[in-house]
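Chemist: I have a structure here, written as structure tokens, and I will follow up with some questions on it.
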Amino acid sequence: MEAAGGLLARARRPEPVRLRKRRSVLYGAAGGAAAQPGAGAAGGTAALTALAVAARALNCALVRTSFVPDEYWQSLEVAHRVVFGYGHLTWEWAHGLRGYPYPLLFACIYKALQLLGKDDVQLLIWVPRLVQAVLAAFADVKLYLLVKHLENAETAKYVYFCQLCSWFTWYTCTRTLTNTMETLLTIFALYYYPIKGSKMGSRWKYLNLIALAIVIRPTAAIPWIPLVFSHFLQEQRKADLILHNCIPIGLVTLGTSLIIDRVFFGEWILVQLNFLKFNVLQNLGTFYGSHPWHWYFTQGLPVILGTHLPFFIHGCVMAPKRYRIFLGAVIWTVLVYSTLSHKEFRFIYPVLPFCMFFCGYSLKHLKAWKKSAASFLLLSNLIPALYTGLIHQRGSLEVMNHIQQLCNSPYQSQPFVFIMMPCHSTPFYSHVHCPLKMRFLQCPPDLTGNENYVDEADLFYSNPLGWLNKEFYNDTLLPSHLIFFSVLEQEISSFLALKGYKKTATVFHTHVPQGRVGSHIYIYRKKPEMNHT
């Protein structure tokens with residue numbers, strides 16, 4: 001019995017060892033399987049982020065043209081004035097239509113460069129744009145991760161591809177525009193939006209991001225109205241959502257904005273209310289042009305989508321019902337903006353990421369020609385992206401290099417530059433960075449109701465030669481340099497000859513001159529021997 005017991009004991013002893021060994025191997029394998037995807041996911045996200053940053057940095061380097069005046073006049077110019085003490089504030093700032101939170105981002109950059117003794121004009125131009133590019137890259141990654149969470153990695157890959165090769169996103173996302181920041185914050189907020197099926201939803205985070213976007217640009221609320229309303233309907237604790245989230249976030253964000261503006265304006269101003277009054281209630285934006293109600297549907301959205309349009313339509317048809325809220329946000333936003341007379345492509349830029357979601361969904365579910373469709377999208381967007389980024393309207397920036405060289409002028413008299421172009425056609429002190437005497441044609445709208453009001457720019461263009469002779473009746477008042485579009489040269493040639501101006505530079509601007517905007521920009525300098533200023 002003892003022998004038998006010993007044999008049984010010896011027979012049984014290895015089994016627990018083998019079991020423990022098996023369990024150890026099994027649990028180790030399982031632990032490794034569980035740990036590796038996490039590590040792989042983190043590594044994958046880091047690699048994607050690095051790729052996205054590199055892509056947007058290249059994007060930034062390949063955008064060397066001007067889009068709209070606001071990318072300089074409502075951000076960099078204001079920041080330059082805050083930090084360096086000089087810079088022009090447009091009429092919007094005099095009437096409290098713009099707020100300081102967004103320009104303060106660039107003011108911080110400028111201050112850091114100043115403290116480091118690196119406030120070179122090229123750094124002042126490019127560092128803010130690189131910061132915007134990095135933020136755009138992070139937004140791209142968030143969009144990818146959102147789709148990967150909601151669908152799968154392959155669909156996310158196609159959505160990211162569509163986002164990356166969108167010509168309008170390429171053209172716009174690295175510019176220092178409030179519309180750009182509004183769009184990036186919309187993507188960040190969308191990542192945390194509690195859409196059905198998402199486990200990453202955080203109402204606190206997404207509402208904070210929306211509030212920040214609204215502070216920067218009040219119209220950021222428009223695409224979020226249907227989304228927040230949908231969330232409210234699905235939320236079981238509705239009172240908690242309003243009392244513990246919406247109201248506290250709104251009060252803190254608005255209060256912070258009020259305090260910042262109070263510091264810089266010197267008085268209490270509710271910028272967001274003034275902005276909505278001017279652009280929506282009074283619709284005074286028509287001063288800068290108006291379009292028919294259908295413009296966004298027939299031109300605006302089709303143009304910014306470009307060749308993505310058929311894929312967007314196909315994706316809208318193919319996508320599951322739970323994504324209809326994204327389509328609803330697009331349609332709602334375009335409809336609301338269609339009620340305003342003044343329309344611009346950049347106003348509907350915040351809906352483009354929603355559209356890219358449907359485009360990527362379409363590509364993923366194409367049964368044939370998937371690679372051909374992707375190649376078509378890439379090539380068809382590459383041409384307009386490079387053309388608009390490197391060629392179209394590049395003169396407005398190139399001419400500033402010529403002006404900047406006057407900062408170290410060898411002439412005894414101080415240079416005086418007069419930019420005789422449609423108002424705000426070029427940047428100003430943010431792209432010169434020296435207190436050079438400069439002037440441009442003003443064009444503030446009339447807010448007094450005067451029906452006979454004509455701004456300085458319109459008055460000039462109605463009779464350029466007569467205006468110049470009247471304005472500079474004395475030679476001592478003459479600018480040392482005149483800068484204007486080529487279309488104006490013939491009309492003022494007698495003035496240029498009489499006053500002793502000579503063309504010193506010709507800068508290409510656009511292949512499609514229109515109205516007051518010519519194909520080239522001319523720089524004329526008054527002959528030193530005749531310049532008594």
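Residue numbering restarts at 1 in every chain; chains get A, B, ... in the order shown in the structure tokens, and ligands count up from 1 in that same order.
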Report as a PyMOL selection string all protein, DNA and RNA residues lying within 12 Å of His80 in chain A, evaluated on only C-alpha atoms, omitting residues in the same chain fewer than 4 positions from it.
Modeler: chain A and resi 72-76+84-89+103-111+113-114+119+121+124-125+128+427-435
Chemist: Hey, what's within 9 Å of range 205-221 of chain A if we count only C-alpha atoms and toss same-chain stuff fewer than 4 positions away? As a PyMOL selection string, please?
Modeler: chain A and resi 98-102+178-179+181-186+188-194+201+225+228+245-246+249-250+253-254+257+271-273+275-276+347+350
Chemist: One decimal, in Å: what's the spacing between CA of Ser341 in chain A and CA of Pro69 in chain A?
Modeler: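 Going from CA of Ser341 in chain A over to CA of Pro69 in chain A, I get 19.4 Å.
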Chemist: Quick check, in Å to one decimal: how far apart do CA of Glu489 in chain A and CA of Phe508 in chain A lie?
Modeler: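 Between these atoms lies a distance of 14.7 Å.
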Chemist: Pick out the closest residue to Val487 in chain A from this set: A:Val336, A:Cys355, A:Leu468, A:Ile521. Count only C-alpha atoms.
Modeler: A:Ile521
Chemist: If we count only C-alpha atoms and set the cut-off at 12 Å, which residues sit around Thr333 in chain A, ignoring sequence neighbours fewer than 5 positions away in its own chain? Please answer as a list of chain:residue names.
Modeler: A:Thr219, A:Ala220, A:Ala221, A:Ile222, A:Pro223, A:Trp224, A:Ile225, A:Pro226, A:Leu227, A:Tyr296, A:Phe297, A:Leu301, A:Phe326, A:Leu327, A:Gly328, A:Ser338, A:Thr339, A:Leu340, A:Phe347, A:Ile348, A:Tyr349, A:Pro350, A:Val351, A:Leu352, A:Phe354
Chemist: Can you measure CA of Leu496 in chain A to CA of Tyr453 in chain A for me? One decimal in Å is fine.
Modeler: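 Spanning CA of Leu496 in chain A to CA of Tyr453 in chain A is a straight-line distance of 29.1 Å.
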Chemist: So which one's closest to Lys321 in chain A, A:Ile269, A:Val63, A:Met200, A:Ile195? Using only C-alpha atoms, please.
Modeler: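 Looking at the shortest contact to Lys321 in chain A, the residue is A:Ile195.
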Chemist: Give me the residues near Ser396 in chain A as a list in words, where near means some atom within 9 Å (using only C-alpha atoms) and where sequence neighbours in that chain fewer than 3 positions away do not count.
Modeler: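 Result of the neighbour search: Thr65, Ser66, Gln393, Val399, Met400, Ser425, Thr426, Pro427, Val507, His509 and Ile521 of chain A.
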Chemist: Do you know which residues are at most 8 Å from range 461-465 of chain A counting only C-alpha atoms, after dropping those on the same chain fewer than 3 positions away, and could you put them as a PDB file with N, CA and C atoms, in the first residue's frame?
Modeler:
```pdb
ATOM      1  N   ALA A 457     -11.587 103.357 -50.108  1.00  0.00           N
ATOM      2  CA  ALA A 457     -11.167 102.516 -51.234  1.00  0.00           C
ATOM      3  C   ALA A 457     -12.072 102.737 -52.448  1.00  0.00           C
ATOM      4  N   ASP A 458     -13.379 102.764 -52.224  1.00  0.00           N
ATOM      5  CA  ASP A 458     -14.316 103.003 -53.335  1.00  0.00           C
ATOM      6  C   ASP A 458     -14.131 104.396 -53.915  1.00  0.00           C
ATOM      7  N   LEU A 468      -5.485 110.938 -56.172  1.00  0.00           N
ATOM      8  CA  LEU A 468      -4.064 111.094 -55.858  1.00  0.00           C
ATOM      9  C   LEU A 468      -3.639 112.555 -55.904  1.00  0.00           C
ATOM     10  N   ASN A 469      -4.096 113.262 -56.942  1.00  0.00           N
ATOM     11  CA  ASN A 469      -3.736 114.678 -57.059  1.00  0.00           C
ATOM     12  C   ASN A 469      -4.293 115.495 -55.897  1.00  0.00           C
ATOM     13  N   GLU A 491      -3.925 103.934 -65.723  1.00  0.00           N
ATOM     14  CA  GLU A 491      -4.800 105.023 -65.306  1.00  0.00           C
ATOM     15  C   GLU A 491      -4.060 106.107 -64.521  1.00  0.00           C
ATOM     16  N   ILE A 492      -3.008 105.729 -63.808  1.00  0.00           N
ATOM     17  CA  ILE A 492      -2.284 106.726 -62.990  1.00  0.00           C
ATOM     18  C   ILE A 492      -0.885 106.999 -63.547  1.00  0.00           C
ATOM     19  N   PHE A 495       0.457 110.591 -63.304  1.00  0.00           N
ATOM     20  CA  PHE A 495       0.851 110.965 -61.937  1.00  0.00           C
ATOM     21  C   PHE A 495       2.231 110.405 -61.616  1.00  0.00           C
TER      22      PHE A 495
END
```
Chemist: Tell me, as a list in words, which residues lie within 8 Å of range 356-371 of chain A, counting only C-alpha atoms; anything in the same chain fewer than 3 positions away does not count.
Modeler: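 The neighbour list is Val147, Glu154, Thr155, Ala156, Lys157, Tyr158, Val159, Tyr160, Phe161, Cys162, Gln163, His308, Leu309, Phe311, Phe312, Ile313, His314, Gly315, Cys316, Met318, Ala319, Leu352, Pro353, Ala374 and Ser375 of chain A.
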Chemist: DSSP on the backbone: what in range 23-188 of chain A comes out helix (DSSP H, G or I), as a ChimeraX atom specification?
Modeler: /A:23-61,70-73,76-84,91-94,101-115,121-150,153-165,167-172,178-188
Chemist: Of the residues A:Thr388, A:Thr169, A:Ser493, A:Ser486, which is the one nearest to Ser519 in chain A, using only C-alpha atoms?
Modeler: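 Of A:Thr388, A:Thr169, A:Ser493, A:Ser486, the one nearest Ser519 in chain A, counting only C-alpha atoms, is A:Ser486.
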Chemist: With only C-alpha atoms as the atoms that count, which of A:Cys173, A:Trp91, A:Leu51, A:Gly96 lies nearest to Leu258 in chain A?
Modeler: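 The shortest atom-to-atom distance to Leu258 in chain A comes from A:Gly96.
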Chemist: From the set A:Leu284, A:Leu135, A:Ile483, A:Ala52, which residue has the shortest atom-to-atom contact distance to Lys502 in chain A, counting only C-alpha atoms?
Modeler: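 Looking only at the distances to Lys502 in chain A, the closest residue turns out to be A:Ile483.
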